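Coordinates as given in upload-v6.cif (mmCIF, C-alpha atoms):
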data_work
loop_
_atom_site.label_atom_id
_atom_site.label_comp_id
_atom_site.auth_asym_id
_atom_site.auth_seq_id
_atom_site.Cartn_x
_atom_site.Cartn_y
_atom_site.Cartn_z
CA MET A 30 0.00 0.00 0.00
CA PHE A 31 1.50 3.32 -1.09
CA PRO A 32 1.41 6.26 1.31
CA LYS A 33 -0.84 9.03 -0.03
CA LEU A 34 1.06 12.02 -1.41
CA ASP A 35 0.11 15.34 0.21
CA PRO A 36 -2.04 17.12 -2.43
CA ILE A 37 -0.92 20.54 -1.14
CA LEU A 38 2.72 19.74 -1.89
CA HIS A 39 2.16 17.61 -4.98
CA SER A 40 2.07 20.57 -7.34
CA GLU A 41 5.16 21.85 -9.11
CA LEU A 42 5.22 25.46 -7.94
CA ARG A 43 4.11 24.77 -4.36
CA LEU A 44 6.75 22.03 -4.08
CA ALA A 45 9.40 24.39 -5.49
CA VAL A 46 8.45 27.04 -2.91
CA ILE A 47 8.50 24.66 0.06
CA SER A 48 11.83 23.15 -1.15
CA ILE A 49 13.44 26.60 -1.16
CA LEU A 50 12.00 27.47 2.25
CA ALA A 51 13.05 24.12 3.77
CA ASP A 52 16.72 25.13 3.59
CA VAL A 53 16.60 28.77 4.71
CA ASP A 54 15.53 30.86 7.71
CA GLY A 55 13.03 32.72 5.57
CA ALA A 56 12.95 34.06 2.03
CA GLU A 57 11.58 37.17 0.43
CA PHE A 58 8.90 36.96 -2.23
CA SER A 59 11.30 38.45 -4.82
CA TYR A 60 13.89 35.73 -4.12
CA ILE A 61 11.33 32.91 -4.42
CA LYS A 62 10.01 34.47 -7.64
CA LYS A 63 13.52 34.63 -9.10
CA GLN A 64 14.30 31.03 -8.11
CA THR A 65 11.06 29.52 -9.41
CA GLY A 66 10.66 31.73 -12.49
CA ALA A 67 6.95 32.05 -11.58
CA THR A 68 4.72 35.03 -12.27
CA SER A 69 3.84 37.23 -9.28
CA GLY A 70 0.12 36.39 -9.55
CA ASN A 71 0.56 32.64 -9.69
CA LEU A 72 3.17 32.67 -6.95
CA SER A 73 0.88 34.71 -4.67
CA VAL A 74 -1.96 32.21 -5.15
CA GLN A 75 0.27 29.22 -4.36
CA ILE A 76 1.83 30.97 -1.34
CA ASP A 77 -1.68 31.66 -0.03
CA LYS A 78 -2.55 27.95 -0.40
CA LEU A 79 0.59 26.90 1.50
CA SER A 80 -0.12 29.50 4.15
CA ALA A 81 -3.77 28.38 4.49
CA ALA A 82 -2.56 24.81 5.02
CA GLY A 83 -0.32 26.08 7.84
CA TYR A 84 2.86 25.00 6.03
CA ILE A 85 4.36 28.46 5.77
CA SER A 86 3.95 31.78 7.54
CA VAL A 87 3.83 35.02 5.60
CA GLU A 88 4.96 38.34 7.03
CA LYS A 89 4.30 41.57 5.22
CA GLY A 90 6.51 44.49 6.07
CA PHE A 91 8.72 47.16 4.60
CA LYS A 92 12.34 47.23 3.53
CA GLY A 93 13.13 50.91 3.57
CA LYS A 94 10.19 52.38 1.71
CA MET A 95 9.50 49.27 -0.37
CA PRO A 96 6.90 46.66 0.67
CA CYS A 97 8.49 43.33 1.44
CA THR A 98 6.82 39.91 1.89
CA THR A 99 8.82 37.27 3.75
CA CYS A 100 7.86 33.59 3.83
CA LYS A 101 9.00 31.08 6.44
CA ILE A 102 8.39 27.36 6.69
CA THR A 103 6.50 26.33 9.86
CA PRO A 104 7.11 23.17 11.96
CA ALA A 105 3.97 21.69 10.32
CA GLY A 106 5.46 22.51 6.91
CA ILE A 107 8.75 20.81 7.77
CA GLU A 108 6.89 17.71 8.93
CA ALA A 109 4.72 17.65 5.79
CA PHE A 110 7.77 18.11 3.57
CA GLU A 111 9.66 15.29 5.31
CA ASN A 112 6.65 12.97 5.02
CA TYR A 113 6.25 13.91 1.35
CA VAL A 114 9.92 13.12 0.57
CA ALA A 115 9.69 9.82 2.49
CA ALA A 116 6.56 8.89 0.49
CA LEU A 117 8.28 9.75 -2.80
CA LYS A 118 11.25 7.58 -1.92
CA GLU A 119 8.90 4.71 -1.15
CA TYR A 120 7.18 5.13 -4.53
CA ILE A 121 10.50 5.16 -6.37
CA SER A 122 11.96 2.16 -4.51
CA THR A 123 8.79 0.16 -5.31
CA GLU A 124 8.92 1.20 -8.99
CA LYS A 125 12.46 -0.25 -9.22
CA MET B 7 8.25 27.00 -16.38
CA ASN B 8 4.96 28.33 -17.74
CA GLN B 9 1.89 28.66 -15.56
CA ASN B 10 0.39 25.34 -16.63
CA GLU B 11 3.66 23.54 -15.96
CA GLN B 12 3.97 25.23 -12.57
CA ASN B 13 0.60 23.93 -11.45
CA LYS B 14 0.75 20.44 -12.99
CA GLU B 15 1.04 17.23 -11.02
CA MET B 16 4.30 15.33 -11.29
CA THR B 17 5.63 11.79 -11.13
CA ALA B 18 7.57 10.77 -8.02
CA GLN B 19 10.85 11.03 -9.92
CA GLU B 20 10.01 14.51 -11.25
CA SER B 21 9.11 15.66 -7.75
CA LEU B 22 12.39 14.47 -6.27
CA SER B 23 14.35 16.08 -9.14
CA LEU B 24 12.53 19.38 -8.57
CA ILE B 25 13.26 19.31 -4.82
CA SER B 26 16.90 18.56 -5.46
CA GLU B 27 17.18 21.28 -8.15
CA MET B 28 15.58 23.95 -5.95
CA LEU B 29 17.70 23.07 -2.89
CA ASN B 30 20.93 23.01 -4.90
CA ASN B 31 20.21 26.26 -6.77
CA SER B 32 19.33 28.08 -3.56
CA ARG B 33 22.38 26.70 -1.72
CA ARG B 34 24.62 27.70 -4.64
CA ILE B 35 23.40 31.32 -4.59
CA ILE B 36 23.69 31.60 -0.80
CA LEU B 37 27.22 30.17 -0.69
CA GLN B 38 28.40 32.15 -3.72
CA ASN B 39 27.65 35.21 -1.61
CA ASN B 40 30.09 33.84 1.00
CA ALA B 41 32.83 33.42 -1.62
CA LYS B 42 32.94 37.21 -2.04
CA HIS B 43 33.46 37.68 1.70
CA PHE B 44 36.36 35.20 1.82
CA MET B 45 38.01 36.91 -1.14
CA LEU B 46 37.52 40.40 0.29
CA TRP B 47 39.00 39.54 3.71
CA GLY B 48 41.80 37.55 2.03
CA ILE B 49 42.80 40.52 -0.13
CA LEU B 50 42.61 42.90 2.86
CA LEU B 51 44.71 40.53 5.00
CA THR B 52 47.34 40.08 2.31
CA VAL B 53 47.63 43.81 1.55
CA THR B 54 47.59 44.90 5.23
CA SER B 55 50.23 42.34 6.24
CA LEU B 56 52.53 43.34 3.35
CA VAL B 57 52.11 47.07 4.04
CA ILE B 58 52.84 46.66 7.77
CA TYR B 59 55.74 44.30 7.00
CA GLU B 60 57.27 46.88 4.66
CA LEU B 61 56.77 49.82 7.04
CA TRP B 62 58.18 47.86 10.00
CA HIS B 63 61.11 46.69 7.84
CA ILE B 64 61.96 50.21 6.62
CA THR B 65 61.55 52.05 9.95
CA GLY B 66 62.48 49.19 12.32
CA ASN B 67 59.51 50.23 14.49
CA PRO B 68 56.84 47.62 15.40
CA ILE B 69 54.35 50.42 16.22
CA TRP B 70 53.05 49.99 12.66
CA ASN B 71 51.20 46.92 13.95
CA CYS B 72 48.53 49.39 15.13
CA ALA B 73 47.54 49.58 11.47
CA TRP B 74 45.92 46.12 11.86
CA PHE B 75 42.95 47.85 13.46
CA ALA B 76 42.33 49.60 10.15
CA MET B 77 41.47 46.22 8.60
CA PRO B 78 38.09 45.62 10.32
CA ALA B 79 37.37 49.36 10.14
CA LEU B 80 37.75 49.17 6.38
CA GLY B 81 36.46 45.62 5.84
CA PHE B 82 33.04 45.77 7.51
CA PRO B 83 31.81 48.83 5.55
CA ILE B 84 32.96 47.17 2.30
CA VAL B 85 31.04 43.99 3.27
CA ARG B 86 27.92 46.12 3.78
CA ILE B 87 28.35 47.70 0.35
CA LEU B 88 28.92 44.29 -1.29
CA ASP B 89 25.83 42.83 0.40
CA ARG B 90 23.63 45.74 -0.66
CA LYS B 91 23.34 44.20 -4.14
CA ASN B 92 22.04 40.89 -2.76
CA THR B 93 19.68 42.01 -0.03
CA ASP B 94 17.08 39.36 -0.86
CA VAL B 95 19.51 36.41 -0.63
CA PRO B 96 18.40 34.45 2.48
CA GLN B 97 20.51 32.79 5.16
CA ASN B 98 20.83 29.04 5.56
CA VAL B 99 22.43 26.96 8.32
CA ILE B 100 25.88 26.71 6.68
CA ASN B 101 25.95 30.40 5.84
CA LYS B 102 24.96 31.38 9.39
CA GLN B 103 27.51 29.07 11.00
CA LEU B 104 30.30 30.38 8.75
CA GLY B 105 29.35 33.92 9.75
CA LEU B 106 29.42 33.03 13.45
CA ILE B 107 32.79 31.26 13.18
CA TRP B 108 34.45 34.24 11.51
CA LEU B 109 32.77 36.79 13.78
CA THR B 110 34.08 34.81 16.79
CA TYR B 111 37.54 34.74 15.20
CA CYS B 112 37.39 38.50 14.68
CA ILE B 113 36.33 39.18 18.31
CA PHE B 114 39.07 36.90 19.69
CA ALA B 115 41.76 38.35 17.39
CA VAL B 116 40.94 41.98 18.20
CA SER B 117 40.56 41.30 21.96
CA ILE B 118 43.82 39.35 22.27
CA SER B 119 45.66 42.03 20.28
CA VAL B 120 44.38 44.81 22.54
CA ILE B 121 45.26 42.79 25.69
CA ALA B 122 48.75 42.01 24.33
CA MET B 123 49.40 45.64 23.43
CA LEU B 124 48.07 47.18 26.63
CA ALA B 125 48.42 44.65 29.43
CA VAL B 126 50.03 41.24 28.95
CA PRO B 127 52.78 41.06 26.30
CA MET B 128 52.63 37.82 24.33
CA ASN B 129 53.45 36.33 20.94
CA ILE B 130 50.32 37.69 19.22
CA SER B 131 51.24 36.30 15.80
CA LEU B 132 51.30 32.77 17.20
CA VAL B 133 47.89 33.11 18.87
CA ILE B 134 46.25 34.75 15.85
CA ALA B 135 47.80 32.25 13.41
CA VAL B 136 46.29 29.38 15.46
CA LEU B 137 42.90 31.13 15.61
CA LEU B 138 42.96 31.87 11.87
CA GLY B 139 43.94 28.29 11.00
CA PHE B 140 41.26 26.94 13.37
CA ALA B 141 38.50 29.08 11.83
CA GLU B 142 39.61 28.13 8.31
CA CYS B 143 39.76 24.43 9.25
CA ILE B 144 36.19 24.42 10.64
CA SER B 145 34.99 26.33 7.55
CA GLY B 146 36.43 23.51 5.44
CA PHE B 147 34.55 20.89 7.48
CA LEU B 148 31.29 22.84 7.15
CA LEU B 149 31.72 23.25 3.40
CA LYS B 150 32.80 19.58 3.12
CA ASN B 151 35.97 20.62 1.32
CA TRP B 152 39.23 18.93 2.28
CA ALA B 153 41.44 21.49 0.49
CA ILE B 154 40.08 24.26 2.76
CA THR B 155 40.41 22.08 5.89
CA ILE B 156 44.01 21.14 5.07
CA GLY B 157 44.81 24.77 4.19
CA GLY B 158 43.53 25.81 7.63
CA PHE B 159 45.55 23.10 9.37
CA ILE B 160 48.76 24.11 7.55
CA LEU B 161 48.11 27.77 8.32
CA GLY B 162 47.39 27.19 12.04
CA ILE B 163 50.11 24.66 12.86
CA GLY B 164 52.70 25.98 10.37
CA GLY B 165 52.01 29.55 11.45
CA ALA B 166 52.42 28.68 15.15
CA ILE B 167 55.76 26.95 14.49
CA PHE B 168 57.00 29.84 12.32
CA ALA B 169 55.88 32.45 14.88
CA SER B 170 57.78 30.58 17.62
CA MET B 171 60.99 30.56 15.58
CA VAL B 172 60.98 34.10 14.15
CA TYR B 173 60.68 37.21 16.33
CA ASN B 174 60.83 40.06 13.83
CA GLU B 175 58.66 41.55 11.08
CA ALA B 176 59.00 38.31 9.09
CA GLN B 177 56.26 36.91 11.40
CA LEU B 178 53.79 39.01 9.42
CA LEU B 179 54.36 36.83 6.36
CA ILE B 180 52.20 34.19 8.13
CA PHE B 181 49.26 36.53 7.58
CA THR B 182 50.21 37.12 3.96
CA LEU B 183 49.95 33.35 3.53
CA GLY B 184 46.69 33.41 5.52
CA GLY B 185 45.28 36.07 3.19
CA ILE B 186 46.22 34.04 0.13
CA ILE B 187 44.56 30.96 1.67
CA LEU B 188 41.37 32.98 2.27
CA VAL B 189 41.34 34.20 -1.35
CA VAL B 190 41.85 30.62 -2.57
CA THR B 191 39.01 29.50 -0.25
CA GLY B 192 36.74 32.09 -1.87
CA LEU B 193 37.71 30.86 -5.32
CA ILE B 194 37.12 27.22 -4.30
CA ILE B 195 33.60 28.09 -3.03
CA LYS B 196 32.91 30.11 -6.18
CA PHE B 197 33.77 27.17 -8.44
CA GLN B 198 32.38 24.43 -6.15
CA TYR B 199 28.95 26.08 -6.19
CA LYS B 200 29.05 27.47 -9.75
#
As structure tokens, the full file:
Amino acid sequence: MFPKLDPILHSELRLAVISILADVDGAEFSYIKKQTGATSGNLSVQIDKLSAAGYISVEKGFKGKMPCTTCKITPAGIEAFENYVAALKEYISTEK
Amino acid sequence: MNQNEQNKEMTAQESLSLISEMLNNSRRIILQNNAKHFMLWGILLTVTSLVIYELWHITGNPIWNCAWFAMPALGFPIVRILDRKNTDVPQNVINKQLGLIWLTYCIFAVSISVIAMLAVPMNISLVIAVLLGFAECISGFLLKNWAITIGGFILGIGGAIFASMVYNEAQLLIFTLGGIILVVTGLIIKFQYK
């Protein structure tokens, strides 16, 4: 019996975002946008979905006079990411 | 990636590849930022040590060692200027630990120099060579690079031996070597995470 893949993470852009955030203290929206090559609109929607699931926290502030959105992975997000990777590995080892 | 691709579902293999690609790209950008710092401090250390060596050699007066304090005074503002271009680059564990190691080195080096100059005379070059080699060695372990670790070991142990044998301005050449090792470390990081 295969473990069920988390539908929140099993989407290319959301997985890319959580992968970036898994390795850093927190990342600005502009950095995530640059790394994923996503459009601002699409990225905002996916960040909202991750935030609604409790996987990331989003802080809106200012950097000088410019608005700045910073995303951070939450403990629930780390757990979900670890479970997702473990499930993927299980899928792949069974495929072989 | 277009919008449809970004929102599509993937196979297990594609998902793992994406995770690995994102982690590696992000790590590369973060550590490339560190390469600049190593190179900057390496160049400053090499130039400062050679200038002080030359001034001490010409005048015969070790008071020129006070010029070491110009190095952090000059270096930290340059770091701030360099980092201004990459303000959105985040911090990861390796990056933070490297920063803490070198900040600790800097605090120890400045404190021991002030104590040696004002209160308890000691062989400062020996102490600072060991500290510099130690910090470089740990950086090598963190970056999983044996060349950097061995460079730090040679600098720390070799520098301590040299500083115990030589008691004139030639001691400063340890720091010229240290500066060169820091520049090489920066270049190694730059190419390792290209």
*Just so the selection is clear, what residues does the PyMOL selection byres ((chain B and resi 27) around 12) cover here, as a PyMOL selection string?*
(chain A and resi 44-46+48-49+64-65) or (chain B and resi 20-26+28-34)
*asked:* When the PyMOL selection byres ((chain A) within 7 of (chain B)) is applied to the structure above, which residues does it catch, written out as a ChimeraX atom specification?
replied: /A:39-42,45,48-49,52-57,60,66,117,120-121
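Compared by their closest atoms to A:Pro104, and using all atoms listed in the file, the residues A:Ser86, A:Thr68, A:Lys92, A:Ser59 rank with A:Ser86 nearest.
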Evaluate the PyMOL selection byres ((chain A and resi 76-80) around 9) on the structure here and hand back the selected residues as a PDB file with C-alpha atoms, in the coordinates of the input.
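As written to disk, result.pdb reads:
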ATOM      1  CA  ILE A  37      -0.920  20.540  -1.140  1.00  0.00           C
ATOM      2  CA  LEU A  38       2.720  19.740  -1.890  1.00  0.00           C
ATOM      3  CA  ARG A  43       4.110  24.770  -4.360  1.00  0.00           C
ATOM      4  CA  VAL A  46       8.450  27.040  -2.910  1.00  0.00           C
ATOM      5  CA  ILE A  47       8.500  24.660   0.060  1.00  0.00           C
ATOM      6  CA  ASN A  71       0.560  32.640  -9.690  1.00  0.00           C
ATOM      7  CA  LEU A  72       3.170  32.670  -6.950  1.00  0.00           C
ATOM      8  CA  SER A  73       0.880  34.710  -4.670  1.00  0.00           C
ATOM      9  CA  VAL A  74      -1.960  32.210  -5.150  1.00  0.00           C
ATOM     10  CA  GLN A  75       0.270  29.220  -4.360  1.00  0.00           C
ATOM     11  CA  ALA A  81      -3.770  28.380   4.490  1.00  0.00           C
ATOM     12  CA  ALA A  82      -2.560  24.810   5.020  1.00  0.00           C
ATOM     13  CA  GLY A  83      -0.320  26.080   7.840  1.00  0.00           C
ATOM     14  CA  TYR A  84       2.860  25.000   6.030  1.00  0.00           C
ATOM     15  CA  ILE A  85       4.360  28.460   5.770  1.00  0.00           C
ATOM     16  CA  SER A  86       3.950  31.780   7.540  1.00  0.00           C
ATOM     17  CA  VAL A  87       3.830  35.020   5.600  1.00  0.00           C
ATOM     18  CA  CYS A 100       7.860  33.590   3.830  1.00  0.00           C
ATOM     19  CA  GLY A 106       5.460  22.510   6.910  1.00  0.00           C
TER      20      GLY A 106
END
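Around the point (54.5, 46.3, 7.5), within 9 Å and counting all atoms listed in the file, we find these residues: B:Thr54, B:Ser55, B:Leu56, B:Val57, B:Ile58, B:Tyr59, B:Glu60, B:Leu61, B:Trp62, B:His63, B:Ile64, B:Pro68, B:Trp70, B:Asn71, B:Ala73, B:Glu175, B:Leu178.
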*For B:Met128, work out the shell of residues within 12 Å, counting all atoms listed in the file and skipping chain neighbours fewer than 4 positions away, then give it as a PyMOL selection string.*
chain B and resi 118-124+132-134+169-170+173
*Do a neighbour search on B:Ala153 at 9 Å with all atoms listed in the file, toss out local chain neighbours closer than 6 positions, and write the hits as number ranges by chain.*
B: 146, 191, 194
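In this structure, atom CA of B:Lys42 sits 15.8 Å away from atom CA of B:Leu109.
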*Near B:Phe168, counting all atoms listed in the file, which residues have an atom at most 12 Å away, once you skip same-chain residues fewer than 5 positions from it, shown as a VMD selection string?*
chain B and resid 129 131 to 133 135 to 136 160 to 163 173 to 181 183
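Atom CA of B:Val189 is positioned 4.3 Å from atom CA of B:Met45.
Interatomic distance, atom CA of A:Val114 against atom CA of B:Lys196: 29.4 Å.
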For chain A of the block above, can you save C-alpha atoms as an mmCIF file, in the first residue's frame?
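The resulting file, decode_1.cif, is reproduced below:
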data_model
loop_
_atom_site.group_PDB
_atom_site.id
_atom_site.type_symbol
_atom_site.label_atom_id
_atom_site.label_comp_id
_atom_site.auth_asym_id
_atom_site.auth_seq_id
_atom_site.Cartn_x
_atom_site.Cartn_y
_atom_site.Cartn_z
ATOM 1 C CA MET A 30 0.000 0.000 0.000
ATOM 2 C CA PHE A 31 1.502 3.323 -1.087
ATOM 3 C CA PRO A 32 1.405 6.261 1.309
ATOM 4 C CA LYS A 33 -0.836 9.030 -0.030
ATOM 5 C CA LEU A 34 1.056 12.021 -1.410
ATOM 6 C CA ASP A 35 0.112 15.336 0.212
ATOM 7 C CA PRO A 36 -2.040 17.120 -2.432
ATOM 8 C CA ILE A 37 -0.924 20.535 -1.141
ATOM 9 C CA LEU A 38 2.716 19.736 -1.888
ATOM 10 C CA HIS A 39 2.157 17.612 -4.979
ATOM 11 C CA SER A 40 2.068 20.572 -7.343
ATOM 12 C CA GLU A 41 5.160 21.851 -9.110
ATOM 13 C CA LEU A 42 5.217 25.464 -7.939
ATOM 14 C CA ARG A 43 4.113 24.773 -4.359
ATOM 15 C CA LEU A 44 6.748 22.030 -4.083
ATOM 16 C CA ALA A 45 9.401 24.387 -5.487
ATOM 17 C CA VAL A 46 8.448 27.042 -2.911
ATOM 18 C CA ILE A 47 8.501 24.657 0.056
ATOM 19 C CA SER A 48 11.833 23.146 -1.149
ATOM 20 C CA ILE A 49 13.444 26.596 -1.165
ATOM 21 C CA LEU A 50 12.002 27.467 2.247
ATOM 22 C CA ALA A 51 13.050 24.119 3.768
ATOM 23 C CA ASP A 52 16.724 25.126 3.586
ATOM 24 C CA VAL A 53 16.599 28.765 4.715
ATOM 25 C CA ASP A 54 15.532 30.857 7.710
ATOM 26 C CA GLY A 55 13.033 32.716 5.570
ATOM 27 C CA ALA A 56 12.950 34.056 2.031
ATOM 28 C CA GLU A 57 11.582 37.173 0.434
ATOM 29 C CA PHE A 58 8.895 36.962 -2.232
ATOM 30 C CA SER A 59 11.297 38.448 -4.819
ATOM 31 C CA TYR A 60 13.892 35.728 -4.121
ATOM 32 C CA ILE A 61 11.329 32.910 -4.421
ATOM 33 C CA LYS A 62 10.014 34.468 -7.636
ATOM 34 C CA LYS A 63 13.522 34.626 -9.098
ATOM 35 C CA GLN A 64 14.304 31.026 -8.108
ATOM 36 C CA THR A 65 11.060 29.522 -9.407
ATOM 37 C CA GLY A 66 10.657 31.728 -12.486
ATOM 38 C CA ALA A 67 6.952 32.053 -11.582
ATOM 39 C CA THR A 68 4.723 35.035 -12.269
ATOM 40 C CA SER A 69 3.841 37.229 -9.275
ATOM 41 C CA GLY A 70 0.116 36.386 -9.551
ATOM 42 C CA ASN A 71 0.557 32.635 -9.691
ATOM 43 C CA LEU A 72 3.171 32.668 -6.950
ATOM 44 C CA SER A 73 0.884 34.708 -4.667
ATOM 45 C CA VAL A 74 -1.957 32.212 -5.148
ATOM 46 C CA GLN A 75 0.273 29.223 -4.360
ATOM 47 C CA ILE A 76 1.828 30.965 -1.342
ATOM 48 C CA ASP A 77 -1.681 31.663 -0.028
ATOM 49 C CA LYS A 78 -2.553 27.952 -0.399
ATOM 50 C CA LEU A 79 0.591 26.901 1.496
ATOM 51 C CA SER A 80 -0.123 29.504 4.150
ATOM 52 C CA ALA A 81 -3.775 28.384 4.487
ATOM 53 C CA ALA A 82 -2.558 24.810 5.019
ATOM 54 C CA GLY A 83 -0.323 26.080 7.837
ATOM 55 C CA TYR A 84 2.862 24.998 6.030
ATOM 56 C CA ILE A 85 4.364 28.465 5.768
ATOM 57 C CA SER A 86 3.951 31.777 7.543
ATOM 58 C CA VAL A 87 3.825 35.023 5.598
ATOM 59 C CA GLU A 88 4.964 38.345 7.028
ATOM 60 C CA LYS A 89 4.297 41.570 5.220
ATOM 61 C CA GLY A 90 6.513 44.490 6.070
ATOM 62 C CA PHE A 91 8.725 47.159 4.600
ATOM 63 C CA LYS A 92 12.340 47.228 3.531
ATOM 64 C CA GLY A 93 13.135 50.909 3.569
ATOM 65 C CA LYS A 94 10.188 52.381 1.709
ATOM 66 C CA MET A 95 9.498 49.270 -0.370
ATOM 67 C CA PRO A 96 6.902 46.660 0.666
ATOM 68 C CA CYS A 97 8.491 43.330 1.443
ATOM 69 C CA THR A 98 6.821 39.915 1.894
ATOM 70 C CA THR A 99 8.817 37.272 3.752
ATOM 71 C CA CYS A 100 7.857 33.591 3.828
ATOM 72 C CA LYS A 101 9.005 31.077 6.441
ATOM 73 C CA ILE A 102 8.390 27.357 6.685
ATOM 74 C CA THR A 103 6.505 26.332 9.858
ATOM 75 C CA PRO A 104 7.108 23.168 11.955
ATOM 76 C CA ALA A 105 3.965 21.687 10.316
ATOM 77 C CA GLY A 106 5.456 22.508 6.912
ATOM 78 C CA ILE A 107 8.747 20.811 7.768
ATOM 79 C CA GLU A 108 6.886 17.705 8.925
ATOM 80 C CA ALA A 109 4.720 17.645 5.794
ATOM 81 C CA PHE A 110 7.775 18.109 3.567
ATOM 82 C CA GLU A 111 9.664 15.291 5.308
ATOM 83 C CA ASN A 112 6.649 12.969 5.015
ATOM 84 C CA TYR A 113 6.252 13.905 1.346
ATOM 85 C CA VAL A 114 9.920 13.125 0.568
ATOM 86 C CA ALA A 115 9.691 9.818 2.486
ATOM 87 C CA ALA A 116 6.564 8.892 0.495
ATOM 88 C CA LEU A 117 8.281 9.750 -2.796
ATOM 89 C CA LYS A 118 11.254 7.579 -1.921
ATOM 90 C CA GLU A 119 8.903 4.711 -1.153
ATOM 91 C CA TYR A 120 7.182 5.131 -4.534
ATOM 92 C CA ILE A 121 10.497 5.158 -6.369
ATOM 93 C CA SER A 122 11.964 2.165 -4.512
ATOM 94 C CA THR A 123 8.792 0.158 -5.307
ATOM 95 C CA GLU A 124 8.920 1.203 -8.985
ATOM 96 C CA LYS A 125 12.456 -0.246 -9.221
#
